[in-house]
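Each remark here refers to the structure printed beneath this line.
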Amino acid sequence: MTPLLVICFLFIVVSIGVVYMVLRKNSRPIPQGALQWMVTGMCTVLVCLSGLVIALIWIYEEPTDLSDTPTLAESFEFQLVSNQENKNLRDYSGKVILLNFWATWCQPCITELPELDELQVAYREKGLVVLTVSDEELEELQLYSDLLPQETVSGFVRHESLPESFRYELANGRPVTYVIDGDGMIREHVRGAGNFAYFEGLVTPWLAELES
């Protein structure tokens, strides 16, 4: 968590505490007198501004590279959103996979989906598979059909069927993106939304490995 986020959360907690202290002796939780109205108003504004800053940070925060030592990507089964066909991560062995976990309630995810579509179109012929997966129910995804990526391999999966390593990361929010090389090794592990140029920089070194 960034220092700015911590400060914003502290402002919210302190502001709520101040309002409680000011109003706690009132018969009803409503300000009485000019001083109480002024303090309550200032604290309310502070809470709203802090909440706005938190929301903007979560939406526009730069992606964080969590990559460490390359590890073998654990395979899992999923279904295509388009026709519910069963698929497995192993089906794309030999290609570079950009595996992106997203959700309809995640605004940063929605922001980056068109970028992932563009990436798939640009590098499909060079051996890239962009796999966008949600652990929401199919019915939920179909309600947001206008948000679904059109060019990527769009899938859905039951959360409990994912390997523990993926479940652990999803517990901390979305989007989460992995770059898996042609040998099935996780080479990049990123939390947060990115754009075309950012993801392009992640996949092109491993696409070049395919051609060598």
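Just so we're on the same page: first chain in the structure tokens is A, next is B, and so on; residues restart at 1 for each chain, and ligands are numbered from 1 in the order they show up.
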
Tell me which protein, DNA and RNA residues are within 8 Å of Gln120 (chain A), counting only C-alpha atoms, leaving out same-chain ones fewer than 3 positions away, and put them as a compact mmCIF listing (two decimals) with C-alpha atoms, in the first residue's frame.
# COMPACT_ATOMS: atom_id res chain seq x y z
CA LEU A 116 -5.26 -6.46 -24.54
CA ASP A 117 -7.48 -6.88 -27.60
CA TYR A 123 1.06 -10.22 -32.17
CA ARG A 124 -1.22 -13.17 -32.91
CA LEU A 128 1.08 -14.68 -28.78
CA VAL A 129 -2.09 -15.87 -27.06
CA VAL A 130 -3.79 -13.31 -24.84
CA GLU A 151 -10.01 -10.66 -29.91
CA THR A 152 -8.50 -12.41 -26.92

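Candidate residues A:Leu202, A:Val153, A:Leu80, A:Ile180 were compared for distance to Val121 (chain A), and the nearest is A:Val153, using only C-alpha atoms.
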
Ranking A:Arg174, A:Gln150, A:Leu141, A:Glu115 by minimum distance to Tyr198 (chain A) and counting only C-alpha atoms, which one comes first?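 Ranked by minimum distance to Tyr198 (chain A), first place goes to A:Glu115.
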
Which residues, written as a list in words, have at least one atom at most 9 Å from region 34-39 of chain A, with only C-alpha atoms counted and residues fewer than 6 positions away on the same chain left out? Val18, Val19, Val22 and Leu23 of chain A

task: Excluding Leu99 (chain A) and any residue of its chain fewer than 6 positions from it, enumerate the residues within 8 Å of it, using only C-alpha atoms, and give them as a list in words.
output: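 Close residues of Leu99 (chain A): Val130, Leu131, Thr132, Val133, Thr177, Tyr178, Val179 and Ile180 of chain A.
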
I need the residues from that last selection saved to file as a tab-separated table (two decimals), in the first residue's frame (with all heavy atoms), if you can.
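Output file selection-v8.tsv is given in full below:
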chain	number	residue	atom	x	y	z
A	130	VAL	N	-3.33	-14.10	-25.98
A	130	VAL	CA	-3.79	-13.31	-24.84
A	130	VAL	C	-5.03	-13.99	-24.29
A	130	VAL	O	-6.05	-14.10	-24.95
A	130	VAL	CB	-4.11	-11.85	-25.24
A	130	VAL	CG1	-4.59	-11.08	-24.02
A	130	VAL	CG2	-2.89	-11.19	-25.85
A	131	LEU	N	-4.91	-14.47	-23.07
A	131	LEU	CA	-5.98	-15.24	-22.43
A	131	LEU	C	-6.56	-14.41	-21.29
A	131	LEU	O	-5.90	-14.15	-20.30
A	131	LEU	CB	-5.40	-16.56	-21.91
A	131	LEU	CG	-6.32	-17.50	-21.15
A	131	LEU	CD1	-7.57	-17.83	-21.95
A	131	LEU	CD2	-5.57	-18.78	-20.79
A	132	THR	N	-7.80	-13.95	-21.46
A	132	THR	CA	-8.47	-13.14	-20.45
A	132	THR	C	-9.49	-14.01	-19.73
A	132	THR	O	-10.44	-14.50	-20.35
A	132	THR	CB	-9.15	-11.91	-21.08
A	132	THR	OG1	-9.92	-12.33	-22.22
A	132	THR	CG2	-8.12	-10.90	-21.54
A	133	VAL	N	-9.31	-14.18	-18.43
A	133	VAL	CA	-10.11	-15.13	-17.66
A	133	VAL	C	-10.76	-14.43	-16.47
A	133	VAL	O	-10.11	-13.66	-15.76
A	133	VAL	CB	-9.24	-16.30	-17.16
A	133	VAL	CG1	-10.06	-17.25	-16.31
A	133	VAL	CG2	-8.63	-17.05	-18.34
A	177	THR	N	-1.79	-10.18	-14.05
A	177	THR	CA	-1.38	-10.64	-15.38
A	177	THR	C	-0.06	-11.42	-15.28
A	177	THR	O	0.84	-11.03	-14.53
A	177	THR	CB	-1.18	-9.45	-16.33
A	177	THR	OG1	-2.40	-8.70	-16.39
A	177	THR	CG2	-0.82	-9.92	-17.73
A	178	TYR	N	-0.01	-12.51	-16.03
A	178	TYR	CA	1.20	-13.34	-16.09
A	178	TYR	C	1.65	-13.45	-17.55
A	178	TYR	O	0.82	-13.57	-18.45
A	178	TYR	CB	0.92	-14.75	-15.57
A	178	TYR	CG	0.48	-14.83	-14.13
A	178	TYR	CD1	-0.86	-14.64	-13.79
A	178	TYR	CD2	1.39	-15.10	-13.12
A	178	TYR	CE1	-1.28	-14.72	-12.47
A	178	TYR	CE2	0.99	-15.18	-11.79
A	178	TYR	CZ	-0.35	-14.99	-11.48
A	178	TYR	OH	-0.75	-15.07	-10.17
A	179	VAL	N	2.94	-13.43	-17.75
A	179	VAL	CA	3.52	-13.74	-19.06
A	179	VAL	C	4.19	-15.09	-18.95
A	179	VAL	O	5.09	-15.28	-18.12
A	179	VAL	CB	4.52	-12.66	-19.52
A	179	VAL	CG1	5.18	-13.09	-20.83
A	179	VAL	CG2	3.83	-11.32	-19.69
A	180	ILE	N	3.74	-16.04	-19.77
A	180	ILE	CA	4.24	-17.41	-19.75
A	180	ILE	C	4.95	-17.68	-21.07
A	180	ILE	O	4.37	-17.48	-22.14
A	180	ILE	CB	3.08	-18.40	-19.55
A	180	ILE	CG1	2.32	-18.06	-18.26
A	180	ILE	CG2	3.60	-19.83	-19.51
A	180	ILE	CD1	1.04	-18.83	-18.07

**Asked** Which is closest to Ser75 (chain A) among A:Thr204, A:Asn26, A:Asn172, A:Ser165, if we use only C-alpha atoms?
**Response**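 Among the listed residues, A:Ser165 lies closest to Ser75 (chain A).
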
Give the answer as one residue: which of A:Asp146, A:Glu74, A:Asp181, A:Glu139 has the shortest atom-to-atom distance to Leu207 (chain A), using only C-alpha atoms?
->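 Between A:Asp146, A:Glu74, A:Asp181, A:Glu139, the residue approaching Leu207 (chain A) most closely is A:Asp181.
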
- Task: Please provide as a ChimeraX atom specification all residues within 10 Å of Leu46 (chain A), with the sequence filter that same-chain residues fewer than 3 positions apart are discarded (counting only C-alpha atoms).
- Result: /A:8,11-12,14-16,40-43,49-52

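When DSSP reads the backbone of this structure, the residues of region 144-198 of chain A it assigns to helix (DSSP H, G or I) are Ser145, Asp146, Leu147, His159, Glu160, Ser161, Glu164, Ser165, Phe166, Arg167, Tyr168, Glu169, Leu170, Phe196, Ala197 and Tyr198 of chain A.
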
Written selection (C-alpha atoms) as an mmCIF file, in the first residue's frame:
data_model
loop_
_atom_site.group_PDB
_atom_site.id
_atom_site.type_symbol
_atom_site.label_atom_id
_atom_site.label_comp_id
_atom_site.auth_asym_id
_atom_site.auth_seq_id
_atom_site.Cartn_x
_atom_site.Cartn_y
_atom_site.Cartn_z
ATOM 1 C CA SER A 145 -21.357 -8.695 -22.953
ATOM 2 C CA ASP A 146 -20.425 -5.214 -24.188
ATOM 3 C CA LEU A 147 -17.368 -5.285 -21.908
ATOM 4 C CA HIS A 159 -12.345 -19.970 -8.485
ATOM 5 C CA GLU A 160 -11.907 -23.158 -6.469
ATOM 6 C CA SER A 161 -10.578 -25.045 -9.500
ATOM 7 C CA GLU A 164 -3.507 -22.305 -5.173
ATOM 8 C CA SER A 165 -0.856 -19.905 -6.475
ATOM 9 C CA PHE A 166 -3.395 -18.176 -8.728
ATOM 10 C CA ARG A 167 -6.123 -18.179 -6.057
ATOM 11 C CA TYR A 168 -3.735 -16.523 -3.623
ATOM 12 C CA GLU A 169 -3.028 -13.658 -6.006
ATOM 13 C CA LEU A 170 -6.701 -13.145 -6.875
ATOM 14 C CA PHE A 196 -0.635 -1.631 -24.961
ATOM 15 C CA ALA A 197 2.928 -0.344 -24.782
ATOM 16 C CA TYR A 198 3.478 -1.746 -21.303
#

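For the choices A:Ser154, A:Ser82, A:Asn88, A:Ser93, the atom-to-atom distance to Gly127 (chain A) is smallest for A:Ser93 when using only C-alpha atoms.
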
- 10 Å contact set for Thr69 (chain A), only C-alpha atoms, chain neighbours under 3 positions out, as a list in words: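 Neighbouring residues, sequence-local ones excluded: Met185, Ile186, Arg187 and Glu188 of chain A.
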
Just all heavy atoms for this one: save the residues we selected as a tab-separated table (two decimals), in the first residue's frame.
chain	number	residue	atom	x	y	z
A	185	MET	N	7.02	-21.44	-18.62
A	185	MET	CA	7.55	-20.79	-17.43
A	185	MET	C	6.97	-19.40	-17.26
A	185	MET	O	6.88	-18.63	-18.24
A	185	MET	CB	9.08	-20.70	-17.51
A	185	MET	CG	9.78	-22.04	-17.69
A	185	MET	SD	9.52	-23.15	-16.30
A	185	MET	CE	10.47	-22.29	-15.02
A	186	ILE	N	6.58	-19.05	-16.05
A	186	ILE	CA	6.09	-17.70	-15.76
A	186	ILE	C	7.29	-16.76	-15.72
A	186	ILE	O	8.18	-16.90	-14.87
A	186	ILE	CB	5.33	-17.65	-14.42
A	186	ILE	CG1	4.06	-18.50	-14.49
A	186	ILE	CG2	4.98	-16.21	-14.05
A	186	ILE	CD1	3.30	-18.60	-13.18
A	187	ARG	N	7.30	-15.81	-16.65
A	187	ARG	CA	8.43	-14.88	-16.76
A	187	ARG	C	8.11	-13.50	-16.20
A	187	ARG	O	9.01	-12.77	-15.78
A	187	ARG	CB	8.83	-14.75	-18.23
A	187	ARG	CG	9.39	-16.02	-18.82
A	187	ARG	CD	10.70	-16.39	-18.17
A	187	ARG	NE	11.30	-17.58	-18.77
A	187	ARG	CZ	12.52	-18.00	-18.49
A	187	ARG	NH1	13.27	-17.33	-17.62
A	187	ARG	NH2	13.00	-19.10	-19.05
A	188	GLU	N	6.85	-13.13	-16.22
A	188	GLU	CA	6.43	-11.84	-15.67
A	188	GLU	C	5.15	-12.05	-14.86
A	188	GLU	O	4.30	-12.87	-15.22
A	188	GLU	CB	6.15	-10.81	-16.78
A	188	GLU	CG	7.33	-10.53	-17.69
A	188	GLU	CD	8.41	-9.70	-17.02
A	188	GLU	OE1	8.17	-9.17	-15.92
A	188	GLU	OE2	9.51	-9.60	-17.59

Among A:Val157, A:Leu113, A:Val96, A:Leu138, Gly182 (chain A) is approached most closely, using only C-alpha atoms, by A:Val96
